[in-house]
There are 2 protein chains.
Amino acid sequence: MSDAPQFERVAIIGIGLIGSSLAHATRANGLARHIAGHDSDPDIRRRSEALGLVDSMHDDVGDAVAGADLVIAATPVGACGAVALAIRDHLAPGAIVTDVGSVKGAVIDAMAPHMPEGVHLVPGHPVAGTEHSGPEAGFAELFRDRFAILTPPPGANEDAVARLVAFWRALGSDVEIMDAEHHDRVLAITSHLPHLIAYTIVETASDLETELEAKSRDDDVVTTREVIKYSAGGFRDFTRIAASDPTMWRDVFLLNKDAVLEMLGRFTEDLTALQRAIRHDDGDALFELFTRTRAIRRGVIEAGQAGRFQYTENGDSDD
Amino acid sequence: MSDAPQFERVAIIGIGLIGSSLAHATRANGLARHIAGHDSDPDIRRRSEALGLVDSMHDDVGDAVAGADLVIAATPVGACGAVALAIRDHLAPGAIVTDVGSVKGAVIDAMAPHMPEGVHLVPGHPVAGTEHSGPEAGFAELFRDRFAILTPPPGANEDAVARLVAFWRALGSDVEIMDAEHHDRVLAITSHLPHLIAYTIVETASDLETELEAKSRDDDVVTTREVIKYSAGGFRDFTRIAASDPTMWRDVFLLNKDAVLEMLGRFTEDLTALQRAIRHDDGDALFELFTRTRAIRRGVIEAGQAGRFQYTENGDSDD
């Protein structure tokens with residue numbers, strides 16, 4: 001490998017958790033001679049500048065991407081079409097344009113029509129994140145030992161794909177290539193449905209107090225305070241997932257609607273069957289299911305994707 | 001406080017994660033002059049003896065509880081009735097009998113009728129655990145900074161309750177007293193429903209490959225291997241919860257049926273509303289909900305129940 005940076009100028013559009021982590025990681029690994037940034041929110045631009053995240057921050061997105069050989073849209077997926085439209089006339093010939101969204105089919109549909117001849121669209125998705133948002137949340141190691149999935153459209157420029165693969169590998173990621181439709185189905189079950197369910201149960205729990213109070217059943221009200229207090233029994237893990245960025249997740253569900261609704265339908269069927277087993281005291285069915293799901297956890301651990309969750313405030317193992 | 005142990009003889013019945021942790025913690029804190037143990041499984045008894053968990057291990061549960069001033073049933077809740085029946089004729093006068101189950105109403109119904117005159121039944125529930133099971137899984141710090149809920153029946157002996165409160169406090173727990181029915185409703189939403197949902201989504205994910213293969217739709221199969229591989233996007237957290245002990249959880253759902261079905265009904269209503277919002281592209285409804293659920297997470301963090309989850313294999317923050 002040469003010591004020269006992989007890219008002359010990397011432009012990062014959207015400075016949230018992922019955008020700011022990309023800025024940190026690109027700089028830490030010396031992957032760009034210059035890092036340009038833009039965010040549509042003036043306050044985010046100001047905070048990003050105060051943090052020194054990029055070499056140049058631009059009020060105008062066109063100025064940010066001018067001369068860039070790598071442009072990364074790190075906005076919520078719903079904004080990718082508008083970004084493509086705004087940058088199309090400012091892109092340098094041969095530039096690689098990518099994104100980081102959790103939905104890929106809709107991103108291609110929204111961005112591809114705006115790409116000028118000679119610009120290479122190679123959508124991507126780092127399967128990494130935290131429940132924190134904003135430019136202050138980023139850190140250089142976010143992508144290390146995580147998967148980055150690239151979904152180049154049929155006929156994509158091979159050299160552009162190879163350069164983007166090298167970029168993500170330099171950030172520490174394992175890179176996988178797959179087609180956009182398959183990506184969206186895989187992520188619907190591994191990420192989108194889990195988030196949907198976590199949001200729902202947190203809603204259900206937080207509505208208990210209000211509903212019961214409305215009924216004046218003050219003999220046995222489960223209060224929000226109690227739900228929070230005893231959350232270590234399992235609920236807590238869901239609150240973490242349900243604290244993720246609202247705009248990002250609204251866009252994901254709207255733009256991966258078909259796959260999400262399909263997986264949700266399957267989930268609801270399975271949940272109904274389990275509900276029926278409980279109602280009819282079918283302990284054998286419950287035991288059989290709970291034994292089967294254990295095996296999946298072993299698979300996750302063996303694949304090195306589990307980590308050992310710890311409650312680091314007091315060093316306890318978590319549950 | 002005196003340096004004398006709080007109890008002469010503590011008998012622990014059922015040497016799983018909780019039973020073995022109680023043995024470690026009781027010994028580490030010098031709370032008993034003698035720790036006696038029993039498990040109905042000869043293999044567990046053998047392994048517990050090899051680990052040196054208790055001072056005396058007994059093939060017969062009656063021998064374990066004989067002379068004990070504190071008897072702790074640390075079995076799955078479905079076994080508590082049988083334990084009560086087996087120990088009733090061996091309990092010392094004035095003994096305190098407690099348990100650690102995640103359901104309290106059913107435990108009282110099962111155990112109270114068997115308690116001899118002069119023996120004090122004070123059911124309890126440490127809101128603590130891990131996804132690991134068995135005598136090797138226990139550790140002394142499991143209960144530290146966690147809640148232990150006691151549900152003494154009306155008219156319970158005050159001195160017995162006070163001694164049990166002191167015991168749990170000595171293990172590092174925050175002790176709360178509430179009635180059994182309320183406990184069961186609080187835990188239905190904070191623990192039982194989250195586990196039920198985690199078991200279900202893991203089932204849904206693991207059935208994808210089989211179903212799709214059966215349809216010979218090999219053009220877009222989402223395999224179990226892929227589900228595991230990309231589990232860092234959210235699914236992973238559910239697999240951990242769904243790896244919990246099958247017998248324990250079968251019993252919980254069967255014995256807290258009414259509260260679990262009520263909470264499940266509320267959850268299903270909320271999920272259906274969310275499904276409808278996705279189908280009808282109602283982004284405002286999604287955004288409003290996802291913003292609201294964030295506030296609950298802040299509550300969990302402020303209550304000191306969140307911890308900072310970390311992916312300790314590589315030091316990354318988790319998502």
# chains A, B, ... in the order shown; residues from 1 in each chain; ligands from 1

$ select_by_dssp --residues "stretch 43-132 of chain B" --states "strand (DSSP E or B)" --output "PDB file with C-alpha atoms, in the first residue's frame"
ATOM      1  CA  SER B  56     -23.452 -29.442  52.608  1.00  0.00           C
ATOM      2  CA  MET B  57     -25.281 -30.858  49.601  1.00  0.00           C
ATOM      3  CA  LEU B  70     -33.859 -19.394  56.102  1.00  0.00           C
ATOM      4  CA  VAL B  71     -35.072 -21.591  53.245  1.00  0.00           C
ATOM      5  CA  ILE B  72     -34.854 -20.201  49.698  1.00  0.00           C
ATOM      6  CA  ALA B  73     -36.655 -21.967  46.868  1.00  0.00           C
ATOM      7  CA  ILE B  96     -38.449 -18.091  57.054  1.00  0.00           C
ATOM      8  CA  VAL B  97     -39.366 -19.568  53.670  1.00  0.00           C
ATOM      9  CA  THR B  98     -38.863 -17.455  50.575  1.00  0.00           C
ATOM     10  CA  ASP B  99     -38.365 -17.865  46.842  1.00  0.00           C
ATOM     11  CA  HIS B 120     -43.074 -17.540  57.843  1.00  0.00           C
ATOM     12  CA  LEU B 121     -43.623 -17.414  54.090  1.00  0.00           C
ATOM     13  CA  GLY B 124     -39.315 -12.523  47.028  1.00  0.00           C
ATOM     14  CA  HIS B 125     -37.964 -11.686  43.594  1.00  0.00           C
ATOM     15  CA  PRO B 126     -34.511 -10.342  42.814  1.00  0.00           C
TER      16      PRO B 126
END

$ residues_around --residues "A:Ser102" --least-positions-apart "2" --cutoff "12 Å" --atoms "only C-alpha atoms" --output "VMD selection string"
(chain A and resid 18 74 to 78 80 99 to 100 104 to 107 123 to 129 148 to 151 180 to 181 183 to 188 190 to 192 248 to 256) or (chain B and resid 230 233 to 234)

$ residues_around --residues "stretch 235-238 of chain A" --least-positions-apart "6" --cutoff "10 Å" --atoms "only C-alpha atoms" --output "PyMOL selection string"
(chain A and resi 194-195+197-202+205+227-229+318-319) or (chain B and resi 187+189-195+198+234+237-238+241+296-297+300-301+305-307+309)

$ write_last_selection --atoms "N, CA and C atoms" --output "compact mmCIF listing (two decimals), in the first residue's frame"
# COMPACT_ATOMS: atom_id res chain seq x y z
N PRO A 194 -36.67 -5.52 14.47
CA PRO A 194 -36.32 -5.32 15.89
C PRO A 194 -36.54 -3.89 16.37
N HIS A 195 -36.21 -2.91 15.56
CA HIS A 195 -36.45 -1.53 15.98
C HIS A 195 -37.94 -1.22 16.08
N ILE A 197 -40.36 -3.21 16.78
CA ILE A 197 -40.91 -3.87 17.96
C ILE A 197 -40.47 -3.17 19.24
N ALA A 198 -39.22 -2.73 19.25
CA ALA A 198 -38.73 -2.02 20.43
C ALA A 198 -39.48 -0.70 20.62
N TYR A 199 -39.69 0.04 19.54
CA TYR A 199 -40.47 1.27 19.64
C TYR A 199 -41.87 0.97 20.18
N THR A 200 -42.45 -0.12 19.70
CA THR A 200 -43.83 -0.43 20.11
C THR A 200 -43.92 -0.77 21.59
N ILE A 201 -43.04 -1.61 22.08
CA ILE A 201 -43.17 -2.02 23.48
C ILE A 201 -42.89 -0.85 24.42
N VAL A 202 -42.01 0.04 24.01
CA VAL A 202 -41.77 1.21 24.85
C VAL A 202 -43.01 2.09 24.87
N ALA A 205 -45.62 0.38 27.17
CA ALA A 205 -45.29 0.55 28.58
C ALA A 205 -45.55 1.98 29.04
N VAL A 227 -42.16 1.31 35.69
CA VAL A 227 -41.66 0.67 34.48
C VAL A 227 -40.17 0.95 34.33
N ILE A 228 -39.80 2.20 34.59
CA ILE A 228 -38.39 2.58 34.48
C ILE A 228 -37.57 1.93 35.60
N LYS A 229 -38.14 1.95 36.80
CA LYS A 229 -37.42 1.45 37.97
C LYS A 229 -37.06 -0.02 37.83
N ASP A 318 -25.15 -8.25 32.35
CA ASP A 318 -26.46 -7.64 32.18
C ASP A 318 -27.59 -8.63 32.02
N ASP A 319 -28.69 -8.35 32.60
CA ASP A 319 -30.00 -8.86 32.18
C ASP A 319 -31.05 -7.87 32.65
N LEU B 187 -44.13 -6.67 36.51
CA LEU B 187 -43.16 -7.54 35.83
C LEU B 187 -43.68 -8.02 34.48
N ILE B 189 -45.07 -6.25 32.26
CA ILE B 189 -44.68 -5.28 31.23
C ILE B 189 -43.17 -5.06 31.18
N THR B 190 -42.50 -5.09 32.34
CA THR B 190 -41.06 -4.77 32.33
C THR B 190 -40.18 -5.96 32.01
N SER B 191 -40.71 -7.17 32.13
CA SER B 191 -39.85 -8.33 31.94
C SER B 191 -40.50 -9.44 31.11
N HIS B 192 -41.74 -9.80 31.44
CA HIS B 192 -42.32 -10.97 30.79
C HIS B 192 -42.65 -10.69 29.33
N LEU B 193 -43.30 -9.56 29.05
CA LEU B 193 -43.61 -9.22 27.66
C LEU B 193 -42.33 -9.03 26.82
N PRO B 194 -41.32 -8.31 27.32
CA PRO B 194 -40.07 -8.23 26.55
C PRO B 194 -39.48 -9.60 26.21
N HIS B 195 -39.51 -10.52 27.15
CA HIS B 195 -38.99 -11.86 26.84
C HIS B 195 -39.84 -12.57 25.80
N ALA B 198 -39.04 -11.15 22.44
CA ALA B 198 -37.69 -11.55 21.98
C ALA B 198 -37.70 -13.00 21.49
N GLY B 234 -29.45 -4.82 15.42
CA GLY B 234 -30.54 -4.76 16.38
C GLY B 234 -30.99 -6.13 16.86
N ASP B 237 -29.51 -8.12 20.17
CA ASP B 237 -29.97 -7.90 21.55
C ASP B 237 -31.12 -8.84 21.91
N PHE B 238 -31.94 -9.14 20.92
CA PHE B 238 -33.08 -10.02 21.18
C PHE B 238 -32.62 -11.46 21.38
N ILE B 241 -31.68 -12.07 25.03
CA ILE B 241 -32.84 -12.25 25.91
C ILE B 241 -33.49 -13.61 25.65
N ILE B 296 -38.50 7.98 27.29
CA ILE B 296 -38.48 6.87 28.24
C ILE B 296 -37.04 6.42 28.48
N ARG B 297 -36.26 6.36 27.40
CA ARG B 297 -34.86 5.97 27.56
C ARG B 297 -34.13 6.93 28.49
N VAL B 300 -34.85 5.98 31.96
CA VAL B 300 -34.11 4.78 32.39
C VAL B 300 -32.68 5.16 32.77
N ILE B 301 -32.09 6.02 31.96
CA ILE B 301 -30.71 6.43 32.23
C ILE B 301 -30.65 7.24 33.52
N GLN B 305 -30.66 2.86 35.79
CA GLN B 305 -30.93 1.47 35.45
C GLN B 305 -30.43 1.11 34.05
N ALA B 306 -29.75 2.07 33.41
CA ALA B 306 -29.37 1.82 32.01
C ALA B 306 -28.05 1.11 31.87
N GLY B 307 -27.07 1.54 32.61
CA GLY B 307 -25.73 1.06 32.32
C GLY B 307 -25.30 1.66 31.01
N PHE B 309 -24.08 0.05 27.76
CA PHE B 309 -23.81 -1.23 27.14
C PHE B 309 -22.60 -1.11 26.26

$ atom_distance --atom1 "atom CA of B:Val260" --atom2 "atom CA of B:Pro153"
21.9 Å

$ select_by_dssp --residues "stretch 6-85 of chain A" --states "alpha helix (DSSP H)" --output "ChimeraX atom specification"
/A:17-28,42-51,61-65,80-85

$ atom_distance --atom1 "atom CA of B:Ala303" --atom2 "atom CA of A:Ser206"
15.2 Å

$ atom_distance --atom1 "atom CA of A:Ala68" --atom2 "atom CA of A:Ala11"
6.1 Å

$ closest_residue --among "A:Ser173, A:Asn157, A:Thr130, A:Thr224" --to "chain B" --atoms "only C-alpha atoms"
A:Thr130

$ residues_around --residues "stretch 39-44 of chain A" --least-positions-apart "6" --cutoff "9 Å" --atoms "only C-alpha atoms" --output "VMD selection string"
chain A and resid 12 to 16 57 to 61 75 134 to 135

$ closest_residue --among "A:Val10, A:Leu85, A:Leu17, A:Leu196" --to "A:Gly67" --atoms "only C-alpha atoms"
A:Val10

$ residues_around --residues "B:Asp284" --least-positions-apart "6" --cutoff "10 Å" --atoms "only C-alpha atoms" --output "mmCIF file with N, CA and C atoms, in the first residue's frame"
data_model
loop_
_atom_site.group_PDB
_atom_site.id
_atom_site.type_symbol
_atom_site.label_atom_id
_atom_site.label_comp_id
_atom_site.auth_asym_id
_atom_site.auth_seq_id
_atom_site.Cartn_x
_atom_site.Cartn_y
_atom_site.Cartn_z
ATOM 1 N N THR A 247 -35.937 10.583 12.843
ATOM 2 C CA THR A 247 -36.013 10.870 11.406
ATOM 3 C C THR A 247 -35.467 9.699 10.595
ATOM 4 N N ARG A 250 -38.039 6.802 10.808
ATOM 5 C CA ARG A 250 -39.243 7.076 10.013
ATOM 6 C C ARG A 250 -38.962 6.766 8.544
ATOM 7 N N ALA B 277 -49.750 2.693 10.102
ATOM 8 C CA ALA B 277 -49.075 3.952 9.769
ATOM 9 C C ALA B 277 -48.037 3.722 8.673
ATOM 10 N N PHE B 290 -41.657 7.881 17.615
ATOM 11 C CA PHE B 290 -40.236 7.618 17.856
ATOM 12 C C PHE B 290 -39.602 8.710 18.712
#

$ closest_residue --among "A:Met111, A:Ile278, A:Val54, A:Ala160" --to "A:His38" --atoms "only C-alpha atoms"
A:Val54
